[in-house]
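Let me begin by presenting the structure, written as structure tokens, before commenting on it.
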Amino acid sequence: MRRLGAHMSISGGLPRALERGRTLGCNTVQFFLKNARSWRSRVLDDGERGEFLMLKDRLGLEPLIAHCSYLINIASPNPSLYERSIEALREELLRTQALGIPYYVLHPGSPTGTGEQEGLYRIARALNLLLQDLQGVMVLLETTARGIGSRFENFARILEMLEEEQKVGICIDTCHLWVAGYDIADPRGYEETLKELDDLIGLEKLKVVHLNDSKAPRGSGRDRHEHIGFGKLGPEPFRWLLQDERLKELPFIIETPKGVTPEGEDWDEVNLRILRSLEGEDEDKGDSGGYRP
């Protein structure tokens, strides 16, 4: 059985994300460490940290995955935003380390008109500053819908500039790959995508997979997530990923839209159930899982 989980809310405190994940039947969970749309960070007191560590051990959710807040941009040419991003990232990485979380997913950032190469240099510079004292945490650069991170070559270049590249890995997002132009909905395109990743970076660097269908067409650069099997990707790429022996040790996380179905079911439960059915489905069975509306 693959490690399947969802991005969970931290409303009520970080421990609640773990409880919500277990209630859904997850065996891995991803969450923010703070309000993702604010620079301000609240204090994590000893009681909340202790409860989190206790639940982490008791619930058996692994690996746990922290996700960066949205405002961080370590590719920015704006000196003030760049320095503020570095400090915010430093704080989040220290919190990730203190909570015993092994993976931290990071958006590479945007150079906002100053050019890709300059942006890649700023990303590498920031990581070189921050990775020196980081222990027990791997920073995972996430593939993006457009710009830096939309091509595997970007990550290969960043890794070349790192002093401690062993502390950095990759997180791929199926929606992002698709709208960036990778044809993962075609069997040959799927294999070519993994081969390119292996050739340029190495499959051993891939540590987390985000499973999201796409509302937008391939190559559009539009990051709009959809429920599994209900979008432009359809169910097949998700079955290939879940049945791929090369990826059998990896955690798979959904970031599909929250809410309830017209029948009143939680969409996270539905998406996870669809993925479990695809994990065990033979290719020649066709669309037997009832995943289309």
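Residue names in the structure tokens use chain letters A, B, ... in the order shown, residue numbers from 1 in each chain, and ligand numbers from 1 in the order shown.
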As a compact mmCIF listing (two decimals) with C-alpha atoms, in the first residue's frame, please: the residues near region 232-238 of chain A (cut-off 7 Å, only C-alpha atoms, same-chain neighbours under 6 positions excluded).
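Wrote selection_22.txt, looks like this:
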# COMPACT_ATOMS: atom_id res chain seq x y z
CA ILE A 184 2.23 12.91 -18.37
CA ALA A 185 -1.26 11.86 -19.56
CA ASP A 213 -5.70 16.87 -11.59
CA SER A 214 -5.82 20.05 -13.68
CA LYS A 215 -8.64 22.33 -14.78
CA ALA A 216 -6.33 23.89 -17.36
CA PRO A 217 -4.94 22.38 -20.59
Residue contacts of Gly280 (chain A) (12 Å, only C-alpha atoms) excluding same-chain residues fewer than 6 positions away, as a PyMOL selection string: chain A and resi 1-2+238-244+273-274+288-289
Who sits within 12 Å of His225 (chain A), only C-alpha atoms, same chain under 5 positions skipped, as a PyMOL selection string: chain A and resi 145+173-179+210-217+230-233+254-258
All residues 8 Å or closer to region 118-125 of chain A, only C-alpha atoms, same chain fewer than 5 positions away omitted, as JSON, numbers by chain: {"A": [74, 75, 76, 77, 108, 109, 110, 111, 148, 154, 157, 158, 159, 161, 162]}
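Those residues that approach Tyr70 (chain A) to within 7 Å, counting only C-alpha atoms, are A:Ala36, A:Arg37, A:Cys68, A:Ile72; same-chain residues fewer than 2 positions away are not listed.
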Please write the residues from the selection above to a file, keeping N, CA and C atoms, as a compact mmCIF listing (two decimals), in the first residue's frame.
# COMPACT_ATOMS: atom_id res chain seq x y z
N ALA A 36 -0.38 30.78 5.97
CA ALA A 36 0.42 30.77 4.75
C ALA A 36 0.40 32.10 4.01
N ARG A 37 -0.52 32.98 4.37
CA ARG A 37 -0.65 34.25 3.66
C ARG A 37 -0.27 35.45 4.53
N CYS A 68 5.96 25.41 2.65
CA CYS A 68 6.31 26.82 2.85
C CYS A 68 5.08 27.72 2.76
N ILE A 72 6.98 33.76 0.81
CA ILE A 72 8.42 33.57 0.66
C ILE A 72 8.81 33.54 -0.81
Pick from A:Gly169, A:Leu247, A:His107, A:Asp183 nearest to Gly149 (chain A), counting only C-alpha atoms: A:His107
In region 59-109 of chain A, DSSP strand (DSSP E) residues written as a PyMOL selection string: chain A and resi 64-67+103-106
Non-local contacts of Val29 (chain A) (10 Å; only C-alpha atoms; under 3 positions in same chain excluded) as a PyMOL selection string: chain A and resi 3-8+17-22+26+61-66+251-254
Gap from CA of Lys167 (chain A) to CA of Glu204 (chain A) - Å, one decimal: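 Atom-to-atom, CA of Lys167 (chain A) and CA of Glu204 (chain A) are spaced 12.5 Å apart.
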Atomic distance CA of Ser41 (chain A) - CA of Leu71 (chain A), expressed in Å with one decimal: 12.3 Å
Run DSSP on the backbone of this structure and report the residues of region 84-268 of chain A it assigns to helix (DSSP H, G or I), as a PDB file with N, CA and C atoms, in the first residue's frame.
ATOM      1  N   ARG A  84      13.712  39.545   3.669  1.00  0.00           N
ATOM      2  CA  ARG A  84      12.584  39.128   4.509  1.00  0.00           C
ATOM      3  C   ARG A  84      12.223  37.671   4.243  1.00  0.00           C
ATOM      4  N   SER A  85      12.326  37.259   2.979  1.00  0.00           N
ATOM      5  CA  SER A  85      12.036  35.870   2.617  1.00  0.00           C
ATOM      6  C   SER A  85      13.044  34.924   3.247  1.00  0.00           C
ATOM      7  N   ILE A  86      14.302  35.316   3.230  1.00  0.00           N
ATOM      8  CA  ILE A  86      15.340  34.478   3.832  1.00  0.00           C
ATOM      9  C   ILE A  86      15.090  34.302   5.325  1.00  0.00           C
ATOM     10  N   GLU A  87      14.748  35.381   6.006  1.00  0.00           N
ATOM     11  CA  GLU A  87      14.509  35.287   7.444  1.00  0.00           C
ATOM     12  C   GLU A  87      13.267  34.463   7.748  1.00  0.00           C
ATOM     13  N   ALA A  88      12.209  34.639   6.938  1.00  0.00           N
ATOM     14  CA  ALA A  88      10.994  33.842   7.144  1.00  0.00           C
ATOM     15  C   ALA A  88      11.264  32.364   6.878  1.00  0.00           C
ATOM     16  N   LEU A  89      12.056  32.087   5.845  1.00  0.00           N
ATOM     17  CA  LEU A  89      12.404  30.703   5.533  1.00  0.00           C
ATOM     18  C   LEU A  89      13.270  30.103   6.631  1.00  0.00           C
ATOM     19  N   ARG A  90      14.192  30.895   7.171  1.00  0.00           N
ATOM     20  CA  ARG A  90      15.029  30.416   8.274  1.00  0.00           C
ATOM     21  C   ARG A  90      14.145  30.004   9.463  1.00  0.00           C
ATOM     22  N   GLU A  91      13.172  30.838   9.782  1.00  0.00           N
ATOM     23  CA  GLU A  91      12.291  30.551  10.910  1.00  0.00           C
ATOM     24  C   GLU A  91      11.474  29.283  10.671  1.00  0.00           C
ATOM     25  N   GLU A  92      10.958  29.121   9.462  1.00  0.00           N
ATOM     26  CA  GLU A  92      10.158  27.934   9.165  1.00  0.00           C
ATOM     27  C   GLU A  92      11.012  26.668   9.170  1.00  0.00           C
ATOM     28  N   LEU A  93      12.224  26.764   8.665  1.00  0.00           N
ATOM     29  CA  LEU A  93      13.099  25.589   8.669  1.00  0.00           C
ATOM     30  C   LEU A  93      13.488  25.189  10.091  1.00  0.00           C
ATOM     31  N   LEU A  94      13.744  26.171  10.950  1.00  0.00           N
ATOM     32  CA  LEU A  94      14.061  25.854  12.350  1.00  0.00           C
ATOM     33  C   LEU A  94      12.874  25.205  13.040  1.00  0.00           C
ATOM     34  N   ARG A  95      11.657  25.660  12.714  1.00  0.00           N
ATOM     35  CA  ARG A  95      10.470  25.043  13.300  1.00  0.00           C
ATOM     36  C   ARG A  95      10.298  23.617  12.782  1.00  0.00           C
ATOM     37  N   THR A  96      10.537  23.428  11.499  1.00  0.00           N
ATOM     38  CA  THR A  96      10.464  22.083  10.920  1.00  0.00           C
ATOM     39  C   THR A  96      11.439  21.152  11.614  1.00  0.00           C
ATOM     40  N   GLN A  97      12.649  21.643  11.854  1.00  0.00           N
ATOM     41  CA  GLN A  97      13.682  20.856  12.531  1.00  0.00           C
ATOM     42  C   GLN A  97      13.265  20.535  13.963  1.00  0.00           C
ATOM     43  N   ALA A  98      12.721  21.520  14.677  1.00  0.00           N
ATOM     44  CA  ALA A  98      12.332  21.330  16.077  1.00  0.00           C
ATOM     45  C   ALA A  98      11.193  20.320  16.219  1.00  0.00           C
ATOM     46  N   GLU A 116      15.944  34.566 -15.662  1.00  0.00           N
ATOM     47  CA  GLU A 116      15.991  33.271 -14.990  1.00  0.00           C
ATOM     48  C   GLU A 116      17.312  33.018 -14.290  1.00  0.00           C
ATOM     49  N   GLN A 117      18.420  33.299 -14.953  1.00  0.00           N
ATOM     50  CA  GLN A 117      19.731  32.985 -14.374  1.00  0.00           C
ATOM     51  C   GLN A 117      19.980  33.741 -13.076  1.00  0.00           C
ATOM     52  N   GLU A 118      19.579  35.016 -13.042  1.00  0.00           N
ATOM     53  CA  GLU A 118      19.737  35.786 -11.814  1.00  0.00           C
ATOM     54  C   GLU A 118      18.872  35.199 -10.695  1.00  0.00           C
ATOM     55  N   GLY A 119      17.665  34.778 -11.055  1.00  0.00           N
ATOM     56  CA  GLY A 119      16.781  34.166 -10.069  1.00  0.00           C
ATOM     57  C   GLY A 119      17.352  32.871  -9.523  1.00  0.00           C
ATOM     58  N   LEU A 120      17.896  32.043 -10.395  1.00  0.00           N
ATOM     59  CA  LEU A 120      18.488  30.772  -9.954  1.00  0.00           C
ATOM     60  C   LEU A 120      19.666  31.029  -9.018  1.00  0.00           C
ATOM     61  N   TYR A 121      20.450  32.049  -9.327  1.00  0.00           N
ATOM     62  CA  TYR A 121      21.588  32.391  -8.465  1.00  0.00           C
ATOM     63  C   TYR A 121      21.106  32.825  -7.078  1.00  0.00           C
ATOM     64  N   ARG A 122      20.052  33.653  -7.035  1.00  0.00           N
ATOM     65  CA  ARG A 122      19.554  34.119  -5.734  1.00  0.00           C
ATOM     66  C   ARG A 122      18.994  32.965  -4.907  1.00  0.00           C
ATOM     67  N   ILE A 123      18.318  32.022  -5.565  1.00  0.00           N
ATOM     68  CA  ILE A 123      17.804  30.837  -4.855  1.00  0.00           C
ATOM     69  C   ILE A 123      18.953  30.053  -4.242  1.00  0.00           C
ATOM     70  N   ALA A 124      19.977  29.794  -5.033  1.00  0.00           N
ATOM     71  CA  ALA A 124      21.119  29.017  -4.536  1.00  0.00           C
ATOM     72  C   ALA A 124      21.834  29.754  -3.405  1.00  0.00           C
ATOM     73  N   ARG A 125      21.968  31.064  -3.537  1.00  0.00           N
ATOM     74  CA  ARG A 125      22.625  31.851  -2.487  1.00  0.00           C
ATOM     75  C   ARG A 125      21.863  31.737  -1.174  1.00  0.00           C
ATOM     76  N   ALA A 126      20.533  31.879  -1.246  1.00  0.00           N
ATOM     77  CA  ALA A 126      19.723  31.794  -0.030  1.00  0.00           C
ATOM     78  C   ALA A 126      19.837  30.412   0.607  1.00  0.00           C
ATOM     79  N   LEU A 127      19.758  29.366  -0.205  1.00  0.00           N
ATOM     80  CA  LEU A 127      19.854  28.010   0.337  1.00  0.00           C
ATOM     81  C   LEU A 127      21.227  27.750   0.938  1.00  0.00           C
ATOM     82  N   ASN A 128      22.262  28.256   0.320  1.00  0.00           N
ATOM     83  CA  ASN A 128      23.607  28.071   0.873  1.00  0.00           C
ATOM     84  C   ASN A 128      23.731  28.738   2.242  1.00  0.00           C
ATOM     85  N   LEU A 129      23.062  29.874   2.422  1.00  0.00           N
ATOM     86  CA  LEU A 129      23.081  30.546   3.716  1.00  0.00           C
ATOM     87  C   LEU A 129      22.341  29.749   4.781  1.00  0.00           C
ATOM     88  N   LEU A 130      21.225  29.128   4.380  1.00  0.00           N
ATOM     89  CA  LEU A 130      20.322  28.517   5.343  1.00  0.00           C
ATOM     90  C   LEU A 130      20.613  27.052   5.652  1.00  0.00           C
ATOM     91  N   LEU A 131      21.255  26.368   4.728  1.00  0.00           N
ATOM     92  CA  LEU A 131      21.452  24.930   4.905  1.00  0.00           C
ATOM     93  C   LEU A 131      22.622  24.593   5.823  1.00  0.00           C
ATOM     94  N   PHE A 152      12.889  20.884 -15.477  1.00  0.00           N
ATOM     95  CA  PHE A 152      13.829  20.177 -14.607  1.00  0.00           C
ATOM     96  C   PHE A 152      15.234  20.767 -14.681  1.00  0.00           C
ATOM     97  N   GLU A 153      15.560  21.388 -15.811  1.00  0.00           N
ATOM     98  CA  GLU A 153      16.879  22.006 -15.953  1.00  0.00           C
ATOM     99  C   GLU A 153      17.129  23.055 -14.869  1.00  0.00           C
ATOM    100  N   ASN A 154      16.066  23.753 -14.446  1.00  0.00           N
ATOM    101  CA  ASN A 154      16.212  24.770 -13.392  1.00  0.00           C
ATOM    102  C   ASN A 154      16.736  24.155 -12.106  1.00  0.00           C
ATOM    103  N   PHE A 155      16.178  23.005 -11.716  1.00  0.00           N
ATOM    104  CA  PHE A 155      16.603  22.361 -10.483  1.00  0.00           C
ATOM    105  C   PHE A 155      18.022  21.811 -10.598  1.00  0.00           C
ATOM    106  N   ALA A 156      18.351  21.300 -11.784  1.00  0.00           N
ATOM    107  CA  ALA A 156      19.709  20.792 -11.992  1.00  0.00           C
ATOM    108  C   ALA A 156      20.727  21.911 -11.798  1.00  0.00           C
ATOM    109  N   ARG A 157      20.393  23.098 -12.305  1.00  0.00           N
ATOM    110  CA  ARG A 157      21.302  24.242 -12.180  1.00  0.00           C
ATOM    111  C   ARG A 157      21.428  24.678 -10.723  1.00  0.00           C
ATOM    112  N   ILE A 158      20.307  24.734  -9.996  1.00  0.00           N
ATOM    113  CA  ILE A 158      20.362  25.111  -8.579  1.00  0.00           C
ATOM    114  C   ILE A 158      21.226  24.129  -7.798  1.00  0.00           C
ATOM    115  N   LEU A 159      21.014  22.834  -8.023  1.00  0.00           N
ATOM    116  CA  LEU A 159      21.784  21.822  -7.299  1.00  0.00           C
ATOM    117  C   LEU A 159      23.277  21.952  -7.564  1.00  0.00           C
ATOM    118  N   GLU A 160      23.633  22.331  -8.783  1.00  0.00           N
ATOM    119  CA  GLU A 160      25.049  22.522  -9.123  1.00  0.00           C
ATOM    120  C   GLU A 160      25.689  23.624  -8.294  1.00  0.00           C
ATOM    121  N   GLU A 165      24.311  20.040  -1.381  1.00  0.00           N
ATOM    122  CA  GLU A 165      23.189  19.614  -2.217  1.00  0.00           C
ATOM    123  C   GLU A 165      22.500  18.357  -1.677  1.00  0.00           C
ATOM    124  N   GLN A 166      23.148  17.625  -0.785  1.00  0.00           N
ATOM    125  CA  GLN A 166      22.524  16.430  -0.209  1.00  0.00           C
ATOM    126  C   GLN A 166      21.346  16.786   0.694  1.00  0.00           C
ATOM    127  N   LYS A 167      21.219  18.061   1.066  1.00  0.00           N
ATOM    128  CA  LYS A 167      20.110  18.505   1.907  1.00  0.00           C
ATOM    129  C   LYS A 167      18.923  19.012   1.088  1.00  0.00           C
ATOM    130  N   THR A 174       1.669  16.957 -10.146  1.00  0.00           N
ATOM    131  CA  THR A 174       1.152  16.497 -11.435  1.00  0.00           C
ATOM    132  C   THR A 174       0.460  17.611 -12.212  1.00  0.00           C
ATOM    133  N   CYS A 175      -0.303  18.452 -11.533  1.00  0.00           N
ATOM    134  CA  CYS A 175      -0.939  19.578 -12.213  1.00  0.00           C
ATOM    135  C   CYS A 175       0.108  20.525 -12.771  1.00  0.00           C
ATOM    136  N   HIS A 176       1.119  20.843 -11.980  1.00  0.00           N
ATOM    137  CA  HIS A 176       2.161  21.765 -12.417  1.00  0.00           C
ATOM    138  C   HIS A 176       2.931  21.212 -13.610  1.00  0.00           C
ATOM    139  N   LEU A 177       3.273  19.922 -13.547  1.00  0.00           N
ATOM    140  CA  LEU A 177       3.988  19.311 -14.672  1.00  0.00           C
ATOM    141  C   LEU A 177       3.174  19.436 -15.962  1.00  0.00           C
ATOM    142  N   TRP A 178       1.899  19.135 -15.859  1.00  0.00           N
ATOM    143  CA  TRP A 178       1.008  19.138 -17.022  1.00  0.00           C
ATOM    144  C   TRP A 178       0.893  20.528 -17.650  1.00  0.00           C
ATOM    145  N   VAL A 179       0.589  21.534 -16.827  1.00  0.00           N
ATOM    146  CA  VAL A 179       0.400  22.876 -17.385  1.00  0.00           C
ATOM    147  C   VAL A 179       1.731  23.515 -17.776  1.00  0.00           C
ATOM    148  N   PRO A 187       1.213   7.635 -22.208  1.00  0.00           N
ATOM    149  CA  PRO A 187       2.179   6.657 -21.671  1.00  0.00           C
ATOM    150  C   PRO A 187       3.619   6.972 -22.043  1.00  0.00           C
ATOM    151  N   ARG A 188       3.848   7.334 -23.285  1.00  0.00           N
ATOM    152  CA  ARG A 188       5.214   7.663 -23.701  1.00  0.00           C
ATOM    153  C   ARG A 188       5.679   8.951 -23.028  1.00  0.00           C
ATOM    154  N   GLY A 189       4.776   9.958 -22.946  1.00  0.00           N
ATOM    155  CA  GLY A 189       5.131  11.208 -22.293  1.00  0.00           C
ATOM    156  C   GLY A 189       5.433  11.029 -20.820  1.00  0.00           C
ATOM    157  N   TYR A 190       4.694  10.137 -20.171  1.00  0.00           N
ATOM    158  CA  TYR A 190       4.950   9.838 -18.756  1.00  0.00           C
ATOM    159  C   TYR A 190       6.365   9.285 -18.579  1.00  0.00           C
ATOM    160  N   GLU A 191       6.720   8.306 -19.407  1.00  0.00           N
ATOM    161  CA  GLU A 191       8.047   7.702 -19.295  1.00  0.00           C
ATOM    162  C   GLU A 191       9.143   8.706 -19.649  1.00  0.00           C
ATOM    163  N   GLU A 192       8.898   9.525 -20.659  1.00  0.00           N
ATOM    164  CA  GLU A 192       9.893  10.530 -21.048  1.00  0.00           C
ATOM    165  C   GLU A 192      10.101  11.563 -19.939  1.00  0.00           C
ATOM    166  N   THR A 193       9.023  11.898 -19.220  1.00  0.00           N
ATOM    167  CA  THR A 193       9.131  12.854 -18.127  1.00  0.00           C
ATOM    168  C   THR A 193       9.996  12.298 -17.004  1.00  0.00           C
ATOM    169  N   LEU A 194       9.743  11.049 -16.608  1.00  0.00           N
ATOM    170  CA  LEU A 194      10.550  10.444 -15.545  1.00  0.00           C
ATOM    171  C   LEU A 194      11.993  10.240 -15.987  1.00  0.00           C
ATOM    172  N   LYS A 195      12.183   9.921 -17.253  1.00  0.00           N
ATOM    173  CA  LYS A 195      13.546   9.747 -17.758  1.00  0.00           C
ATOM    174  C   LYS A 195      14.304  11.077 -17.729  1.00  0.00           C
ATOM    175  N   GLU A 196      13.626  12.148 -18.120  1.00  0.00           N
ATOM    176  CA  GLU A 196      14.275  13.464 -18.087  1.00  0.00           C
ATOM    177  C   GLU A 196      14.623  13.863 -16.661  1.00  0.00           C
ATOM    178  N   LEU A 197      13.700  13.586 -15.739  1.00  0.00           N
ATOM    179  CA  LEU A 197      13.976  13.869 -14.329  1.00  0.00           C
ATOM    180  C   LEU A 197      15.182  13.073 -13.845  1.00  0.00           C
ATOM    181  N   ASP A 198      15.235  11.804 -14.219  1.00  0.00           N
ATOM    182  CA  ASP A 198      16.346  10.952 -13.799  1.00  0.00           C
ATOM    183  C   ASP A 198      17.656  11.406 -14.420  1.00  0.00           C
ATOM    184  N   ASP A 199      17.623  11.747 -15.707  1.00  0.00           N
ATOM    185  CA  ASP A 199      18.845  12.153 -16.402  1.00  0.00           C
ATOM    186  C   ASP A 199      19.411  13.464 -15.865  1.00  0.00           C
ATOM    187  N   LEU A 200      18.533  14.424 -15.573  1.00  0.00           N
ATOM    188  CA  LEU A 200      18.992  15.752 -15.177  1.00  0.00           C
ATOM    189  C   LEU A 200      19.241  15.892 -13.682  1.00  0.00           C
ATOM    190  N   LEU A 203      16.408  10.216 -10.031  1.00  0.00           N
ATOM    191  CA  LEU A 203      15.150   9.847  -9.374  1.00  0.00           C
ATOM    192  C   LEU A 203      15.301   9.742  -7.861  1.00  0.00           C
ATOM    193  N   GLU A 204      16.527   9.481  -7.405  1.00  0.00           N
ATOM    194  CA  GLU A 204      16.742   9.380  -5.963  1.00  0.00           C
ATOM    195  C   GLU A 204      16.505  10.721  -5.261  1.00  0.00           C
ATOM    196  N   LYS A 205      16.505  11.817  -6.006  1.00  0.00           N
ATOM    197  CA  LYS A 205      16.243  13.141  -5.435  1.00  0.00           C
ATOM    198  C   LYS A 205      14.748  13.410  -5.268  1.00  0.00           C
ATOM    199  N   GLU A 236      -5.627   8.099 -15.656  1.00  0.00           N
ATOM    200  CA  GLU A 236      -4.496   7.227 -16.010  1.00  0.00           C
ATOM    201  C   GLU A 236      -3.160   7.623 -15.393  1.00  0.00           C
ATOM    202  N   PRO A 237      -2.730   8.894 -15.448  1.00  0.00           N
ATOM    203  CA  PRO A 237      -1.411   9.225 -14.871  1.00  0.00           C
ATOM    204  C   PRO A 237      -1.307   8.895 -13.393  1.00  0.00           C
ATOM    205  N   PHE A 238      -2.422   8.996 -12.681  1.00  0.00           N
ATOM    206  CA  PHE A 238      -2.402   8.711 -11.248  1.00  0.00           C
ATOM    207  C   PHE A 238      -2.236   7.211 -10.994  1.00  0.00           C
ATOM    208  N   ARG A 239      -2.857   6.403 -11.843  1.00  0.00           N
ATOM    209  CA  ARG A 239      -2.667   4.956 -11.716  1.00  0.00           C
ATOM    210  C   ARG A 239      -1.227   4.592 -12.029  1.00  0.00           C
ATOM    211  N   TRP A 240      -0.653   5.187 -13.093  1.00  0.00           N
ATOM    212  CA  TRP A 240       0.742   4.888 -13.441  1.00  0.00           C
ATOM    213  C   TRP A 240       1.677   5.256 -12.290  1.00  0.00           C
ATOM    214  N   LEU A 241       1.462   6.424 -11.695  1.00  0.00           N
ATOM    215  CA  LEU A 241       2.324   6.858 -10.596  1.00  0.00           C
ATOM    216  C   LEU A 241       2.209   5.926  -9.392  1.00  0.00           C
ATOM    217  N   LEU A 242       0.987   5.575  -9.038  1.00  0.00           N
ATOM    218  CA  LEU A 242       0.775   4.749  -7.855  1.00  0.00           C
ATOM    219  C   LEU A 242       1.249   3.318  -8.042  1.00  0.00           C
ATOM    220  N   GLN A 243       1.307   2.853  -9.285  1.00  0.00           N
ATOM    221  CA  GLN A 243       1.745   1.483  -9.549  1.00  0.00           C
ATOM    222  C   GLN A 243       3.200   1.415 -10.019  1.00  0.00           C
ATOM    223  N   GLU A 245       6.841   0.995  -9.700  1.00  0.00           N
ATOM    224  CA  GLU A 245       7.727   0.404  -8.687  1.00  0.00           C
ATOM    225  C   GLU A 245       8.889   1.316  -8.338  1.00  0.00           C
ATOM    226  N   ARG A 246       9.273   2.192  -9.254  1.00  0.00           N
ATOM    227  CA  ARG A 246      10.370   3.125  -8.977  1.00  0.00           C
ATOM    228  C   ARG A 246       9.991   4.147  -7.903  1.00  0.00           C
ATOM    229  N   LEU A 247       8.702   4.321  -7.681  1.00  0.00           N
ATOM    230  CA  LEU A 247       8.226   5.351  -6.767  1.00  0.00           C
ATOM    231  C   LEU A 247       7.537   4.770  -5.535  1.00  0.00           C
ATOM    232  N   TRP A 267     -14.676  15.912  -0.025  1.00  0.00           N
ATOM    233  CA  TRP A 267     -13.924  15.688  -1.259  1.00  0.00           C
ATOM    234  C   TRP A 267     -12.571  15.019  -1.013  1.00  0.00           C
ATOM    235  N   ASP A 268     -11.935  15.308   0.127  1.00  0.00           N
ATOM    236  CA  ASP A 268     -10.670  14.635   0.424  1.00  0.00           C
ATOM    237  C   ASP A 268     -10.880  13.126   0.515  1.00  0.00           C
TER     238      ASP A 268
END
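Among the candidate residues A:Val105, A:Val260, A:Ala180, A:Leu278, the one lying nearest to Leu206 (chain A) is A:Val105, with distances computed using only C-alpha atoms.
Closest approach to Gln30 (chain A) from the set A:Asn78, A:Asn73, A:Gln132, A:Ser9 is made by A:Ser9, with distances taken over only C-alpha atoms.
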Point-to-point distance from CA of Phe31 (chain A) to CA of Ile10 (chain A), Å rounded to tenths: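 Value for the CA of Phe31 (chain A)-CA of Ile10 (chain A) distance: 6.8 Å.
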